[in-house]
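Colleague: Submitted below is the structure of interest, expressed as structure tokens.
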Amino acid sequence: MAIDFLYPLYEVVRDPQRCICCRACERQCANEVHHYDVDFGCMMSDESKCVACHRCVSLCPTRALKIVKTDHTFKENENWTGKTISEVYRQAGTGGVLLSSMGNPEPYPIYWDKLLINASQVTNPSIDPLREPMETFTTLGAKPQAIERDENGDLVDNMPPQLTLNVPVMFSAMSYGSISYNAHASLARAATALGTYYNTGEGGLHQDFYAYGEHTIVQVASGRFGVHADYLNAGAAVEIKMGQGAKPGIGGHLPGIKVGEDISRTRMIPEGTDAISPAPHHDIYSIEDLRQLVYSIKEATHYKKPVIVKIAAVHNVAAIASGIARSGADIIAIDGFRGGTGAAPTRIRDNVGIPIELALAAVDQRLREEGIRDRVSVVIGGSVRSSSDLVKAIALGADAVYIGTAALLALGCHLCRSCQTGKCNWGIATQRPDLVRRLNPDIGEKRLVNLITSWDHELKEMMGGMGINSIEALRGNRLMLRGVGLTQKELDILGVKHAGE
Amino acid sequence: MKRVYVDERWCLGCHLCEYYCAFANSGKSSMIKALKDRHIVPRIRIEERNNISFAVSCRHCTDPLCVKSCISGALSVENGAVLIDSDKCVGCCSCIMACPYGALSHSESGVIQKCELCKKNEFGVPQCVQGCPNKAIVYEER
């Protein structure tokens with residue numbers, strides 16, 4: 001119907017002088033934007049199908065292609081923007097919930113960009129990480145509450161189980177199903193090479209990846225997909241997923257079309273059935289219930305593995321975190337409202353949750369005030385984009401961070417935010433064998449290792465600049481941060497002074 | 001000796017290796033000048049069927065049948081690489097019939113052409129390998 005017509009958001013610009021009609025763009029586009037027209041003897045494109053993933057642009061051997069934002073416009077209106085109008089049309093045409101993927105792209109404040117890092121000058125020496133010892137190694141887990149000695153007066157090892165990280169960055173939960181086998185292989189191999197951890201997400205652990213168990217965090221989510229005793233014991237830690245930053249308060253849905261033979265076996269569900277994760281865990285309606293699951297998992301894993309509880313950053317996150325710390329969890333993972341997803345209702349992704357910076361500061365403060373900060377480690381995620389975000393997160397009180405989007409970008413993701421279509425041209429968020437093949441794990445592993453290694457270098461440089469030589473000395477060290485352009489209320493919540501103070 | 005190896009697990013069937021090959025051996029300064037509005041005759045070819053694809057080019061056999069079959073002495077082995085002297089080639093196609101891989105073909109000028117590992121062109125290293133976006137073609141010692 002004409003009323004449903006929406007002009008494409010992006011236009012494919014092809015330089016006819018440069019195009020040699022090699023048809024690589026046509027062969028590489030799963031959205032079928034490009035085709036060779038025999039009559040005209042040239043390449044043509046249908047931009048209405050383009051998602052701006054840049055696969056064609058990246059592979060074009062003569063740089064004949066670019067994708068531009070259309071200048072086609074509705075009559076300008078600050079209130080009813082073109083995006084808002086188009087969304088009304090789409091919903092009026094379909095009657096459906098709008099779906100999106102990856103993190104919240106809306107222009108909310110990014111507090112990382114309003115925090116500045118300190119450096120030493122004159123009165124305190126900075127450290128050169130190339131010449132002096134500098135440690136970015138850290139451990140996650142509950143720390144002993146008291147020193148214990150046996151009858152001979154010797155120290156008793158009462159250290160609860162820990163995760164040991166060579167660098168305070170882990171790969172966040174992305175299920176096999178939401179991402180491809182090759183993406184998982186890249187993450188697993190890179191985590192092993194780097195001495196850190198990746199997370200299975202809620203889709204179970206593929207048989208092939210049990211070999212990387214020492215560097216795997218296995219997740220237990222509300223759908224309990226792929227959870228069995230061997231699975232729980234295969235990883236280095238178990239994560240109970242209560243919520244996800246991109247869609248707090250709702251569950252998940254992997255369409256049956258993506259549940260092929262391999263995924264069906266891994267998730268322990270029949271082939272072709274929808275994998276629906278309920279919004280809540282139906283056995284957890286209180287902190288006491290959560291404690292039961294935490295201890296069930298500890299029993300199942302013989303108290304040898306730390307248990308992580310992951311929540312989305314929501315309004316009363318500090319009180320919830322306090323409850324989680326008291327539930328017996330070893331690590332709290334908090335996912336901010338910019339965290340990514342393979343599919344979420346647009347309205348929820350863009351409007352629910354709170355910024356991770358504020359959530360982290362509030363949680364760290366609350367746990368310190370209650371004297372229980374040592375009983376848990378705090379890991380945050382939800383758009384840590386660079387090593388400077390990482391430094392700021394640690395200074396605000398995080399023990400380590402989870403990265404998801406940044407890791408996928410390293411694998412080739414161009415943030416076209418079309419994961420929900422299952423036609424990822426970069427072989428990441430897809431299960432189509434011809435597309436999955438596009439991500440060679442040899443390349444993926446190397447690029448992930450490169451990314452984290454470079455962040456580690458930068459982290460050391462920034463820490464050295466501050467005269468700090470260990471993660472422990474930076475953690476919660478908010479004097480190393482100053483705010484710019486923030487209100488007093490924001491500064492109070494973040495627990496930092498304004499620049500110049 | 002370093003050879004070009006292909007791994008069908010990672011081949012996308014994008015055919016870019018063919019274009020990089022055709023350009024590398026064209027002697028032109030840009031791919032556009034070399035290949036625009038032209039039918040390309042590369043020395044590497046993608047074979048594909050039923051969702052499987054891989055690139056085929058000269059294996060540089062240790063005991064090459066093509067060299068044995070050459071009636072004019074145009075084909076020879078130099079440091080392990082099978083090279084062709086196009087001035088000597090008479091285009092009899094004996095090598096094409098002898099090669100079990102189908103790695104030799106007619107060039108645009110009529111004589112036979114084959115992969116010479118880009119040893120004779122300005123690049124010096126195989127351009128199909130450089131141009132492969134997914135490392136499905138590698139140049140290494142095995």
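Every chain in the structure tokens takes a letter, A first, then B, and so on in the order presented; its residues are numbered from 1, and the ligands are numbered from 1 following the presented order.
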Report as JSON lines: every residue of chain A with an atom at most 8 Å from chain B, its closest pair of atoms, and their distance in Å to one decimal, counting only C-alpha atoms, with rows sorted by chain and ascending residue number.

Modeller:
```
{"residue": "A:Arg18", "atom": "CA", "partner": "B:Ile32", "partner_atom": "CA", "distance": 5.9}
{"residue": "A:Cys19", "atom": "CA", "partner": "B:Lys36", "partner_atom": "CA", "distance": 7.1}
{"residue": "A:Ile20", "atom": "CA", "partner": "B:Lys36", "partner_atom": "CA", "distance": 4.6}
{"residue": "A:Cys21", "atom": "CA", "partner": "B:Lys36", "partner_atom": "CA", "distance": 7.7}
{"residue": "A:Cys22", "atom": "CA", "partner": "B:Tyr19", "partner_atom": "CA", "distance": 7.2}
{"residue": "A:Arg23", "atom": "CA", "partner": "B:Cys14", "partner_atom": "CA", "distance": 8.0}
{"residue": "A:Ala24", "atom": "CA", "partner": "B:Cys14", "partner_atom": "CA", "distance": 5.3}
{"residue": "A:Arg27", "atom": "CA", "partner": "B:Cys14", "partner_atom": "CA", "distance": 6.0}
{"residue": "A:Gln28", "atom": "CA", "partner": "B:Cys14", "partner_atom": "CA", "distance": 6.7}
{"residue": "A:Leu59", "atom": "CA", "partner": "B:Pro133", "partner_atom": "CA", "distance": 7.3}
{"residue": "A:Pro61", "atom": "CA", "partner": "B:Leu16", "partner_atom": "CA", "distance": 7.6}
{"residue": "A:Thr62", "atom": "CA", "partner": "B:Ile32", "partner_atom": "CA", "distance": 6.7}
{"residue": "A:Asp434", "atom": "CA", "partner": "B:Asn51", "partner_atom": "CA", "distance": 6.8}
{"residue": "A:Arg437", "atom": "CA", "partner": "B:Trp10", "partner_atom": "CA", "distance": 5.6}
{"residue": "A:Arg438", "atom": "CA", "partner": "B:Leu12", "partner_atom": "CA", "distance": 6.4}
{"residue": "A:Leu439", "atom": "CA", "partner": "B:Asn134", "partner_atom": "CA", "distance": 7.2}
{"residue": "A:Asn440", "atom": "CA", "partner": "B:Asn134", "partner_atom": "CA", "distance": 6.2}
{"residue": "A:Ile443", "atom": "CA", "partner": "B:Asn134", "partner_atom": "CA", "distance": 7.7}
```

Colleague: Could you give me, as a PyMOL selection string, each residue of region 33-276 of chain A that DSSP assigns to strand (DSSP E or B) when run on this structure's backbone?

Modeller: chain A and resi 34-37+42-45+65-69+99-100+115-117+135+138-140+149+155+163-165+169-171+176+179+198-199+216-220+237-241+252-254+275-276

Colleague: Which polymer residues have any atom within 10 Å of an atom of region 50-54 of chain A, counting only C-alpha atoms, with same-chain residues fewer than 5 positions away left out, as a PyMOL selection string?

Modeller: chain A and resi 8-12+25+29-34+45+59-60+65-69+412-418+424-426

Colleague: Closest to Asn50 (chain B) among A:Pro433, A:Gly201, A:Gly82, A:Gly404, using only C-alpha atoms?

Modeller: A:Pro433

Colleague: Between CA of Pro129 (chain A) and CA of Gly476 (chain A), what distance in Å does the model show, to one decimal?

Modeller: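 So the two atoms, CA of Pro129 (chain A) and CA of Gly476 (chain A), lie 21.2 Å apart.
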
Colleague: Can you list, as a PyMOL selection string, every protein, DNA or RNA residue that comes within 8 Å of Met174 (chain A) when you count only C-alpha atoms, leaving out same-chain residues fewer than 3 positions away?

Modeller: chain A and resi 178-179+199-202+404

Colleague: Rounded to one decimal place, report the CA of Cys21 (chain B)-CA of Glu26 (chain A) distance in Å.

Modeller: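 Value for the CA of Cys21 (chain B)-CA of Glu26 (chain A) distance: 19.7 Å.
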
Colleague: Tell me which of A:Ile334, A:Leu408, A:Ile372, A:Ile452 sits closest to Ala190 (chain A), counting only C-alpha atoms.

Modeller: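 Ranked by minimum distance to Ala190 (chain A), first place goes to A:Ile452.
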
Colleague: How far is it from CA of Glu370 (chain A) to CA of Val314 (chain A), in Å with one decimal?

Modeller: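 So the two atoms, CA of Glu370 (chain A) and CA of Val314 (chain A), lie 19.9 Å apart.
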
Colleague: Can you tell me, as a list in words, what residues are no more than 6 Å from region 248-253 of chain A when counting only C-alpha atoms, ignoring any on the same chain fewer than 2 positions away?

Modeller: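 Counting only C-alpha atoms, the residues come to Gly243, Gln244, Gly245, Ala275, Ile276, Ser277, Pro278, Ala279 and Ala312 of chain A.
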
Colleague: Print the selection's residues with N, CA and C atoms to a file, as a compact mmCIF listing (two decimals), in the first residue's frame.

Modeller:
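Full text of out.txt as output:
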```txt
# COMPACT_ATOMS: atom_id res chain seq x y z
N GLY A 243 18.99 -10.53 34.37
CA GLY A 243 18.54 -9.50 33.44
C GLY A 243 19.63 -9.09 32.49
N GLN A 244 19.24 -8.35 31.47
CA GLN A 244 20.16 -7.90 30.42
C GLN A 244 19.91 -6.41 30.19
N GLY A 245 21.01 -5.65 30.08
CA GLY A 245 20.89 -4.20 29.97
C GLY A 245 20.04 -3.72 28.82
N ALA A 275 13.01 -20.89 21.00
CA ALA A 275 13.61 -20.96 22.34
C ALA A 275 13.18 -19.71 23.09
N ILE A 276 12.22 -19.86 23.97
CA ILE A 276 11.68 -18.69 24.68
C ILE A 276 12.16 -18.69 26.12
N SER A 277 12.89 -17.62 26.46
CA SER A 277 13.33 -17.44 27.85
C SER A 277 12.29 -16.58 28.54
N PRO A 278 11.70 -17.06 29.65
CA PRO A 278 10.71 -16.25 30.34
C PRO A 278 11.34 -14.97 30.90
N ALA A 279 10.49 -13.98 31.18
CA ALA A 279 11.00 -12.73 31.75
C ALA A 279 11.64 -12.96 33.11
N ALA A 312 20.43 -6.31 35.11
CA ALA A 312 20.42 -5.08 34.33
C ALA A 312 20.44 -3.91 35.29
```

Colleague: As an mmCIF file with C-alpha atoms, in the first residue's frame, please: every residue in chain B that DSSP puts in alpha helix (DSSP H).

Modeller:
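Final output, out.cif:
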```cif
data_model
loop_
_atom_site.group_PDB
_atom_site.id
_atom_site.type_symbol
_atom_site.label_atom_id
_atom_site.label_comp_id
_atom_site.auth_asym_id
_atom_site.auth_seq_id
_atom_site.Cartn_x
_atom_site.Cartn_y
_atom_site.Cartn_z
ATOM 1 C CA LEU B 16 38.001 -11.616 -5.751
ATOM 2 C CA CYS B 17 41.104 -13.806 -6.098
ATOM 3 C CA GLU B 18 40.382 -14.048 -9.824
ATOM 4 C CA TYR B 19 40.231 -10.276 -10.137
ATOM 5 C CA TYR B 20 43.372 -9.696 -8.074
ATOM 6 C CA CYS B 21 45.146 -12.295 -10.233
ATOM 7 C CA ALA B 22 44.004 -10.742 -13.490
ATOM 8 C CA PHE B 23 45.082 -7.298 -12.292
ATOM 9 C CA ALA B 24 48.440 -8.474 -10.936
ATOM 10 C CA MET B 31 42.704 -2.461 -11.237
ATOM 11 C CA ILE B 32 40.232 -0.133 -12.915
ATOM 12 C CA LYS B 33 42.543 0.460 -15.892
ATOM 13 C CA ALA B 34 43.283 -3.234 -16.096
ATOM 14 C CA LEU B 35 39.838 -4.726 -15.748
ATOM 15 C CA LEU B 65 53.345 -33.591 -15.427
ATOM 16 C CA CYS B 66 52.911 -30.368 -17.409
ATOM 17 C CA VAL B 67 56.694 -29.882 -17.640
ATOM 18 C CA LYS B 68 57.138 -33.475 -18.793
ATOM 19 C CA SER B 69 54.450 -33.062 -21.446
ATOM 20 C CA SER B 94 49.634 -30.783 -24.140
ATOM 21 C CA CYS B 95 50.159 -29.324 -20.665
ATOM 22 C CA ILE B 96 46.455 -28.549 -20.284
ATOM 23 C CA MET B 97 45.662 -32.186 -21.014
ATOM 24 C CA ALA B 98 48.403 -33.445 -18.690
ATOM 25 C CA GLN B 127 48.076 -11.314 -5.076
ATOM 26 C CA CYS B 128 45.229 -13.837 -4.786
ATOM 27 C CA VAL B 129 46.483 -14.463 -1.249
ATOM 28 C CA GLN B 130 46.755 -10.759 -0.454
ATOM 29 C CA GLY B 131 43.283 -10.106 -1.827
#
```

Colleague: As a PyMOL selection string, please: the residues near His498 (chain A) (cut-off 7 Å, only C-alpha atoms, same-chain neighbours under 4 positions excluded).

Modeller: chain A and resi 482-484

Colleague: With N, CA and C atoms retained, export the selected residues as a compact mmCIF listing (two decimals), in the first residue's frame.

Modeller:
```txt
# COMPACT_ATOMS: atom_id res chain seq x y z
N ARG A 482 37.67 13.32 37.54
CA ARG A 482 37.01 14.61 37.69
C ARG A 482 35.91 14.70 36.63
N GLY A 483 34.81 15.35 37.01
CA GLY A 483 33.70 15.49 36.07
C GLY A 483 33.80 16.80 35.31
N VAL A 484 33.28 16.81 34.09
CA VAL A 484 33.14 18.08 33.36
C VAL A 484 31.71 18.20 32.87
```
